[in-house]
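S.K.: What follows is a structure written as structure tokens; I'll ask about it next.
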Amino acid sequence: MPTVVVMDVSLSMTRPVSVEGSEEYQRKHLAVHGLTMLFEHMATNYKLEFTALVVFSSLWELMVPFTRDYNTLQEALSNMDDYDKTCLESALLGVCNIVQQEWGAAIPCQVVLVTDGCLGIGRGSLRHSLATHNQRSESNRFPLPFPFPSKLYVMCMANLEELQSTDSLDCLERLIDLNNGEGQIFTIDGPLCLKNVQSMFGKLIDLAYTPFHAVLKCGHLTSDVQVFPRPEPFVIDEEIDPIPKAINTDLEIVGFVDIADISSPPVLSRHLVLPIALNREGDEVGPGITDDTEDENSANQIAGKIPNFCVLLHGSLKVEGMVAVVQLGPEWYGMLYSQADSKKKSNLMMSLFEPGPEPLPWLGKMAQLGPVSDAKENPYGEDDNKSPFPLQPKNKRSYAQNVTVWIKPSGLQTDVQKILRNARKLPEKTQTFYKELNRLRKAALALGFLDLLKGVADMLERECTLLPDTAHPDAAFQLTHAAQQLKVASTGASEYAAYDQNIAPLQTDFSSSSTERM
């Protein structure tokens with residue numbers, strides 16, 4: 001789950017803080033100290049997390065794009081300048097743009113907003129944005145709720161008494177409400193000091209960035225694993241009093257099914273399953289535990305020599321072409337399978353089904369499935385040529401076929417340019433030229449885009465007039481023939497605009513003689 005850290009660098013963050021000792025601190029320094037603690041924790045326990053850093057005042061700036069290099073993020077914290085007034089709305093708009101450009105609108109994202117609780121003044125302040133929230137048009141809407149699944153965590157460099165003395169806390173709580181209630185506000189308990197800031201960021205880490213450790217079991221075999229990203233509790237909408245359901249820390253494999261039988265089922269979320277290596281004393285070993293590179297490499301070598309059930313399971317599922325059905329809780333199941341990133345690299349993944357006794361209708365109730373050995377005869381046949389479950393139809397799905405799609409203008413432009421490129425290489429590219437021409441003709445007829453056929457015909461006629469003197473004579477004949485066929489098809493007459501009819505190459509003395517030579 002990607003994270004965007006949004007740091008307030010307005011002038012109010014430079015206010016001094018009275019801390020015991022001779023060194024003078026600003027609220028910005030407290031924020032940097034807390035974020036450094038967060039990045040160090042993520043570098044050790046959340047290495048796969050992508051994190052971006054955004055700073056804002058009246059404008060916003062992307063300091064570090066999404067990265068897993070936490071050293072770069074920590075260096076950027078020490079290079080931040082101070083700017084003018086606070087304008088939180090522009091920063092939230094920036095977060096929308098950054099996340100949608102990188103991840104789209106379907107990937108959940110966590111937004112950590114670090115500010116001192118000052119809302120800004122005048123136009124652009126949070127008070128002004130919330131006051132005009134209901135008078136806005138759709139083109140000028142407030143950025144909350146975010147157009148992607150998200151949680152907004154507000155880290156205030158102020159204590160509760162300071163926020164309650166103004167309406168800052170109410171406005172910040174309104175932000176959480178506008179984000180569909182997804183998020184939380186954290187304040188400093190007691191006086192502003194480094195220790196209390198650490199305590200506040202520790203609460204955020206416990207809530208959102210604690211690794212999910214579990215024990216994967218299969219009979220007598222077990223393995224300690226980390227599930228990443230952390231599975232979120234699921235709320236069943238149909239229940240009268242919905243209660244969030246969380247998966248167990250004991251993940252028990254109850255059986256194995258062929259990939260062909262389980263097909264591509266609907267799932268709630270997908271997660272990486274990573275083995276946690278333990279040494280003989282029971283302490284965790286692995287990358288990120290120590291700062292010294294040599295100690296880290298030696299720990300990896302030790303971990304690589306210890307047998308691990310998770311590695312055995314991954315290799316077996318990959319070779320056998322099967323998935324493991326795992327029980328996540330009472331009447332809640334998922335599946336473990338091998339997913340390849342490339343030809344040489346693959347990972348053990350876990351997908352969560354919807355809670356219920358029958359998440360996949362074609363398999364029936366999970367509790368009633370049994371081993372193949374209990375059947376009187378092999379349900380898969382002697383030659384493994386049948387299945388005990390309802391088979392998928394053999395008809396080719398529309399989305400699985402190589403169809404022509406022109407959602408964007410660039411797609412249509414590419415297809416037309418491909419035809420013109422082949423036209424300039426006639427007669428050598430005759431077969432490819434007519435293949436692409438017929439593909440475009442069929443798509444245009446299916447969409448009723450008859451003007452396109454006339455336009456392409458005009459282009460081919462122009463190409464014919466631009467042929468050099470050294471061009472093969474057959475090229476002019478083929479271009480003229482293709483242009484004429486497209487023009488008559490553009491009239492929409494049934495005898496010329498039949499969908500299944502293809503434009504065939506014109507047979508000339510030149511084409512026949514070249515065929516004889518071949």
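To be explicit about the labels: the chains of the structure tokens are called A, B, and onward in the order shown, and within each one the residues are counted from 1, while ligands get numbers from 1 in the order they are shown.
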Find the spatial neighbours of Val154 in chain A, counting only C-alpha atoms, within a cut-off of 10 Å - ignore same-chain residues fewer than 5 positions away - and output them as a list in words.
M.R.: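 The filter keeps Val6, Val111, Val112, Leu113, Val114, Thr115, Asp116, Gly117, Leu172, Glu173, Leu175, Ile176, Gly183, Gln184, Ile185, Phe186, Thr187 and Leu204 of chain A.
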S.K.: Got time to write the residues from that selection, all heavy atoms, as a short mmCIF file (atom, residue, chain, number, x, y, z; two decimals), in the first residue's frame?
M.R.:
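And here's result09.cif as it stands now:
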data_model
loop_
_atom_site.label_atom_id
_atom_site.label_comp_id
_atom_site.auth_asym_id
_atom_site.auth_seq_id
_atom_site.Cartn_x
_atom_site.Cartn_y
_atom_site.Cartn_z
N VAL A 6 2.99 14.16 3.39
CA VAL A 6 2.75 15.56 3.01
C VAL A 6 3.22 16.44 4.16
O VAL A 6 2.63 16.44 5.23
CB VAL A 6 1.25 15.80 2.71
CG1 VAL A 6 1.04 17.18 2.15
CG2 VAL A 6 0.72 14.75 1.74
N VAL A 111 -2.09 8.41 3.28
CA VAL A 111 -1.60 9.79 3.23
C VAL A 111 -1.30 10.24 4.65
O VAL A 111 -2.20 10.23 5.51
CB VAL A 111 -2.63 10.72 2.56
CG1 VAL A 111 -2.09 12.15 2.51
CG2 VAL A 111 -2.98 10.23 1.17
N VAL A 112 -0.04 10.61 4.90
CA VAL A 112 0.38 11.08 6.22
C VAL A 112 0.62 12.59 6.11
O VAL A 112 1.59 13.02 5.48
CB VAL A 112 1.65 10.36 6.70
CG1 VAL A 112 2.08 10.89 8.06
CG2 VAL A 112 1.42 8.86 6.75
N LEU A 113 -0.26 13.38 6.69
CA LEU A 113 -0.18 14.84 6.64
C LEU A 113 0.46 15.34 7.93
O LEU A 113 -0.07 15.11 9.03
CB LEU A 113 -1.58 15.43 6.47
CG LEU A 113 -1.71 16.95 6.60
CD1 LEU A 113 -0.91 17.65 5.52
CD2 LEU A 113 -3.18 17.36 6.54
N VAL A 114 1.61 16.01 7.82
CA VAL A 114 2.33 16.54 8.98
C VAL A 114 2.19 18.06 8.97
O VAL A 114 2.67 18.73 8.05
CB VAL A 114 3.82 16.13 8.93
CG1 VAL A 114 4.53 16.61 10.19
CG2 VAL A 114 3.96 14.62 8.78
N THR A 115 1.54 18.61 9.98
CA THR A 115 1.29 20.04 10.05
C THR A 115 1.26 20.48 11.50
O THR A 115 1.30 19.63 12.43
CB THR A 115 -0.03 20.40 9.35
OG1 THR A 115 -0.23 21.81 9.37
CG2 THR A 115 -1.21 19.71 9.99
N ASP A 116 1.20 21.79 11.73
CA ASP A 116 1.16 22.31 13.10
C ASP A 116 -0.24 22.71 13.53
O ASP A 116 -0.43 23.23 14.62
CB ASP A 116 2.11 23.50 13.23
CG ASP A 116 1.73 24.64 12.30
OD1 ASP A 116 0.93 24.39 11.38
OD2 ASP A 116 2.22 25.76 12.49
N GLY A 117 -1.22 22.48 12.67
CA GLY A 117 -2.60 22.82 13.02
C GLY A 117 -3.02 24.21 12.61
O GLY A 117 -4.21 24.55 12.74
N LEU A 172 -9.88 19.98 11.15
CA LEU A 172 -9.12 18.77 10.79
C LEU A 172 -10.01 17.52 10.89
O LEU A 172 -9.89 16.60 10.07
CB LEU A 172 -7.90 18.63 11.71
CG LEU A 172 -6.82 19.72 11.54
CD1 LEU A 172 -5.72 19.54 12.57
CD2 LEU A 172 -6.23 19.67 10.13
N GLU A 173 -10.90 17.51 11.89
CA GLU A 173 -11.83 16.38 11.99
C GLU A 173 -12.79 16.37 10.81
O GLU A 173 -13.21 15.30 10.34
CB GLU A 173 -12.62 16.47 13.31
CG GLU A 173 -11.77 16.14 14.53
CD GLU A 173 -12.55 16.30 15.82
OE1 GLU A 173 -13.63 16.96 15.78
OE2 GLU A 173 -12.09 15.79 16.86
N LEU A 175 -11.96 17.16 7.82
CA LEU A 175 -11.22 16.52 6.73
C LEU A 175 -11.37 15.01 6.77
O LEU A 175 -11.58 14.36 5.74
CB LEU A 175 -9.72 16.89 6.82
CG LEU A 175 -9.29 18.30 6.41
CD1 LEU A 175 -7.79 18.43 6.53
CD2 LEU A 175 -9.72 18.60 4.98
N ILE A 176 -11.26 14.44 7.96
CA ILE A 176 -11.41 12.98 8.09
C ILE A 176 -12.82 12.57 7.70
O ILE A 176 -13.02 11.56 7.02
CB ILE A 176 -11.09 12.54 9.53
CG1 ILE A 176 -9.69 13.00 9.94
CG2 ILE A 176 -11.20 11.02 9.65
CD1 ILE A 176 -8.57 12.44 9.12
N GLY A 183 -9.38 7.47 8.44
CA GLY A 183 -8.20 8.17 8.90
C GLY A 183 -8.29 8.49 10.37
O GLY A 183 -9.22 8.08 11.08
N GLN A 184 -7.31 9.27 10.85
CA GLN A 184 -7.26 9.58 12.28
C GLN A 184 -6.37 10.80 12.48
O GLN A 184 -5.46 11.08 11.69
CB GLN A 184 -6.70 8.38 13.07
CG GLN A 184 -6.82 8.51 14.57
CD GLN A 184 -6.46 7.22 15.28
OE1 GLN A 184 -6.66 6.13 14.74
NE2 GLN A 184 -5.92 7.32 16.48
N ILE A 185 -6.63 11.55 13.56
CA ILE A 185 -5.82 12.70 13.92
C ILE A 185 -4.97 12.34 15.14
O ILE A 185 -5.48 11.80 16.14
CB ILE A 185 -6.70 13.92 14.23
CG1 ILE A 185 -7.51 14.32 12.99
CG2 ILE A 185 -5.86 15.11 14.70
CD1 ILE A 185 -8.53 15.41 13.26
N PHE A 186 -3.67 12.62 15.06
CA PHE A 186 -2.76 12.36 16.17
C PHE A 186 -2.25 13.69 16.69
O PHE A 186 -1.86 14.57 15.92
CB PHE A 186 -1.58 11.50 15.71
CG PHE A 186 -1.94 10.11 15.31
CD1 PHE A 186 -2.34 9.84 14.00
CD2 PHE A 186 -1.91 9.06 16.22
CE1 PHE A 186 -2.68 8.56 13.62
CE2 PHE A 186 -2.25 7.79 15.84
CZ PHE A 186 -2.64 7.52 14.54
N THR A 187 -2.26 13.86 18.00
CA THR A 187 -1.73 15.06 18.63
C THR A 187 -0.67 14.67 19.65
O THR A 187 -0.60 13.51 20.09
CB THR A 187 -2.83 15.88 19.32
OG1 THR A 187 -3.46 15.05 20.32
CG2 THR A 187 -3.87 16.34 18.32
N LEU A 204 1.21 5.97 15.36
CA LEU A 204 0.93 5.80 13.94
C LEU A 204 1.52 4.49 13.41
O LEU A 204 0.87 3.76 12.66
CB LEU A 204 1.50 6.98 13.15
CG LEU A 204 1.46 6.86 11.62
CD1 LEU A 204 0.01 6.85 11.13
CD2 LEU A 204 2.24 7.98 10.95
#
S.K.: Which residues are near range 481-484 of chain A? Cut-off 12 Å, only C-alpha atoms, ignore same chain within fewer than 6 positions. Put them as number ranges by chain.
M.R.: A: 419-420, 423, 430, 433-438, 441, 453-464, 474-475, 490-491, 496, 502-508
S.K.: Quick one: write out the picked residues with N, CA and C atoms as a CSV table (one decimal), in the first residue's frame?
M.R.:
chain,number,residue,atom,x,y,z
A,419,ILE,N,-0.6,1.4,-41.9
A,419,ILE,CA,-1.0,1.1,-43.3
A,419,ILE,C,-0.1,1.9,-44.3
A,420,LEU,N,0.1,3.2,-43.9
A,420,LEU,CA,0.9,4.1,-44.8
A,420,LEU,C,2.3,3.6,-44.9
A,423,ALA,N,2.3,0.8,-47.2
A,423,ALA,CA,2.0,1.3,-48.6
A,423,ALA,C,3.3,1.8,-49.3
A,430,THR,N,3.0,-6.4,-49.7
A,430,THR,CA,1.6,-6.5,-50.1
A,430,THR,C,0.7,-7.2,-49.2
A,433,PHE,N,0.2,-5.2,-46.0
A,433,PHE,CA,-0.5,-4.0,-46.3
A,433,PHE,C,-2.0,-4.3,-46.3
A,434,TYR,N,-2.4,-5.4,-47.0
A,434,TYR,CA,-3.9,-5.8,-47.1
A,434,TYR,C,-4.4,-6.3,-45.8
A,435,LYS,N,-3.5,-7.0,-45.0
A,435,LYS,CA,-3.9,-7.5,-43.7
A,435,LYS,C,-4.3,-6.3,-42.8
A,436,GLU,N,-3.5,-5.3,-42.7
A,436,GLU,CA,-3.8,-4.1,-41.8
A,436,GLU,C,-4.9,-3.3,-42.4
A,437,LEU,N,-5.0,-3.3,-43.7
A,437,LEU,CA,-6.1,-2.5,-44.4
A,437,LEU,C,-7.5,-3.2,-44.0
A,438,ASN,N,-7.5,-4.5,-44.1
A,438,ASN,CA,-8.8,-5.2,-43.8
A,438,ASN,C,-9.1,-5.1,-42.4
A,441,ARG,N,-10.6,-1.7,-41.9
A,441,ARG,CA,-11.9,-1.7,-42.6
A,441,ARG,C,-13.0,-2.3,-41.8
A,453,LEU,N,-13.1,5.5,-43.6
A,453,LEU,CA,-12.7,4.7,-44.9
A,453,LEU,C,-12.4,5.7,-46.0
A,454,LYS,N,-13.3,6.7,-46.1
A,454,LYS,CA,-13.1,7.7,-47.2
A,454,LYS,C,-11.8,8.5,-47.0
A,455,GLY,N,-11.5,8.8,-45.7
A,455,GLY,CA,-10.2,9.5,-45.4
A,455,GLY,C,-9.0,8.7,-45.7
A,456,VAL,N,-9.0,7.4,-45.3
A,456,VAL,CA,-7.9,6.6,-45.6
A,456,VAL,C,-7.7,6.4,-47.2
A,457,ALA,N,-8.8,6.3,-47.9
A,457,ALA,CA,-8.8,6.2,-49.3
A,457,ALA,C,-8.1,7.4,-49.9
A,458,ASP,N,-8.5,8.6,-49.4
A,458,ASP,CA,-7.8,9.8,-49.9
A,458,ASP,C,-6.3,9.8,-49.6
A,459,MET,N,-5.9,9.3,-48.5
A,459,MET,CA,-4.5,9.2,-48.1
A,459,MET,C,-3.8,8.3,-49.1
A,460,LEU,N,-4.4,7.1,-49.4
A,460,LEU,CA,-3.7,6.2,-50.3
A,460,LEU,C,-3.6,6.8,-51.7
A,461,GLU,N,-4.6,7.6,-52.2
A,461,GLU,CA,-4.5,8.2,-53.5
A,461,GLU,C,-3.4,9.2,-53.5
A,462,ARG,N,-3.2,9.9,-52.4
A,462,ARG,CA,-2.1,10.9,-52.3
A,462,ARG,C,-0.8,10.2,-52.3
A,463,GLU,N,-0.7,9.1,-51.6
A,463,GLU,CA,0.6,8.3,-51.6
A,463,GLU,C,0.9,7.8,-53.0
A,464,CYS,N,-0.1,7.5,-53.8
A,464,CYS,CA,0.1,7.1,-55.2
A,464,CYS,C,0.7,8.2,-56.0
A,474,ASP,N,3.8,-2.0,-59.8
A,474,ASP,CA,2.7,-2.7,-59.1
A,474,ASP,C,2.2,-1.8,-57.9
A,475,ALA,N,3.1,-1.0,-57.4
A,475,ALA,CA,2.7,-0.2,-56.2
A,475,ALA,C,1.5,0.7,-56.5
A,490,SER,N,-17.2,3.0,-48.2
A,490,SER,CA,-17.6,4.1,-47.4
A,490,SER,C,-19.0,4.6,-47.7
A,491,THR,N,-19.6,4.1,-48.9
A,491,THR,CA,-21.0,4.5,-49.2
A,491,THR,C,-22.0,3.8,-48.4
A,496,TYR,N,-20.9,-3.7,-51.1
A,496,TYR,CA,-19.5,-3.3,-51.0
A,496,TYR,C,-19.1,-3.2,-49.5
A,502,ASN,N,-13.3,-9.3,-47.5
A,502,ASN,CA,-12.0,-8.7,-47.4
A,502,ASN,C,-11.6,-8.1,-48.8
A,503,ILE,N,-10.7,-7.1,-48.7
A,503,ILE,CA,-10.2,-6.6,-49.9
A,503,ILE,C,-9.0,-7.4,-50.3
A,504,ALA,N,-9.1,-8.0,-51.5
A,504,ALA,CA,-8.0,-8.9,-52.0
A,504,ALA,C,-7.0,-8.1,-52.8
A,505,PRO,N,-5.7,-8.5,-52.8
A,505,PRO,CA,-4.7,-7.8,-53.7
A,505,PRO,C,-5.1,-7.9,-55.1
A,506,LEU,N,-4.9,-6.9,-55.9
A,506,LEU,CA,-5.2,-6.8,-57.3
A,506,LEU,C,-4.1,-7.7,-58.1
A,507,GLN,N,-4.7,-8.6,-58.9
A,507,GLN,CA,-3.8,-9.5,-59.6
A,507,GLN,C,-3.4,-8.7,-60.9
A,508,THR,N,-2.1,-8.5,-61.1
A,508,THR,CA,-1.6,-7.8,-62.2
A,508,THR,C,-0.5,-8.6,-62.9
S.K.: Using only C-alpha atoms, which of the listed residues (A:Asp500, A:Asp170, A:Asp206, A:Asp258) sits closest to Glu320 in chain A?
M.R.: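 Nearest candidate to Glu320 in chain A out of A:Asp500, A:Asp170, A:Asp206, A:Asp258: A:Asp258.
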S.K.: Considering only C-alpha atoms, can you say which of A:Ser139, A:Leu486, A:Leu119, A:Asn134 comes closest to Ser168 in chain A?
M.R.: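 For Ser168 in chain A, the nearest of the given residues is A:Leu119.
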S.K.: Taking into account only C-alpha atoms, which residue in the set A:Leu11, A:Phe389, A:Leu30, A:Ser78 is nearest to Pro191 in chain A?
M.R.: A:Leu30
S.K.: Please identify all polymer residues within 12 Å of Ala91 in chain A, counting only C-alpha atoms, omitting same-chain residues fewer than 2 positions from it, and present them as an MDAnalysis selection string.
M.R.: chainID A and resid 4:10 53:62 86:89 93:98 111:115 124:126 142:144
S.K.: Could you turn the residues from that selection into a file that holds C-alpha atoms, as an mmCIF file, in the first residue's frame?
M.R.:
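Ended up saving to out_5.cif:
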data_model
loop_
_atom_site.group_PDB
_atom_site.id
_atom_site.type_symbol
_atom_site.label_atom_id
_atom_site.label_comp_id
_atom_site.auth_asym_id
_atom_site.auth_seq_id
_atom_site.Cartn_x
_atom_site.Cartn_y
_atom_site.Cartn_z
ATOM 1 C CA VAL A 4 2.434 9.808 0.543
ATOM 2 C CA VAL A 5 4.010 11.946 3.263
ATOM 3 C CA VAL A 6 2.746 15.556 3.010
ATOM 4 C CA MET A 7 4.947 17.952 4.979
ATOM 5 C CA ASP A 8 3.897 21.505 5.919
ATOM 6 C CA VAL A 9 6.792 23.954 5.276
ATOM 7 C CA SER A 10 4.883 27.188 5.883
ATOM 8 C CA LEU A 53 7.456 13.028 -0.057
ATOM 9 C CA VAL A 54 5.471 16.201 -0.827
ATOM 10 C CA VAL A 55 6.055 19.625 0.754
ATOM 11 C CA PHE A 56 3.558 22.474 0.649
ATOM 12 C CA SER A 57 2.798 26.008 1.739
ATOM 13 C CA SER A 58 0.723 28.130 -0.675
ATOM 14 C CA LEU A 59 2.011 25.808 -3.444
ATOM 15 C CA TRP A 60 3.090 22.170 -3.366
ATOM 16 C CA GLU A 61 6.185 20.382 -4.631
ATOM 17 C CA LEU A 62 7.042 16.704 -5.086
ATOM 18 C CA THR A 86 -0.510 27.370 4.550
ATOM 19 C CA CYS A 87 -2.821 26.239 1.739
ATOM 20 C CA LEU A 88 -3.885 22.702 2.511
ATOM 21 C CA GLU A 89 -6.323 22.328 -0.396
ATOM 22 C CA LEU A 93 -4.966 18.288 -4.995
ATOM 23 C CA GLY A 94 -1.286 17.539 -5.537
ATOM 24 C CA VAL A 95 -1.644 14.220 -3.721
ATOM 25 C CA CYS A 96 -4.567 13.309 -5.999
ATOM 26 C CA ASN A 97 -2.507 14.021 -9.112
ATOM 27 C CA ILE A 98 0.596 12.176 -7.897
ATOM 28 C CA VAL A 111 -1.602 9.787 3.225
ATOM 29 C CA VAL A 112 0.380 11.083 6.220
ATOM 30 C CA LEU A 113 -0.178 14.837 6.644
ATOM 31 C CA VAL A 114 2.334 16.536 8.982
ATOM 32 C CA THR A 115 1.289 20.045 10.047
ATOM 33 C CA GLY A 124 -6.972 29.212 0.158
ATOM 34 C CA SER A 125 -7.061 28.589 3.900
ATOM 35 C CA LEU A 126 -8.751 25.452 5.189
ATOM 36 C CA PHE A 142 -12.755 19.782 -3.029
ATOM 37 C CA PRO A 143 -10.137 17.009 -3.321
ATOM 38 C CA LEU A 144 -11.692 14.983 -0.495
#
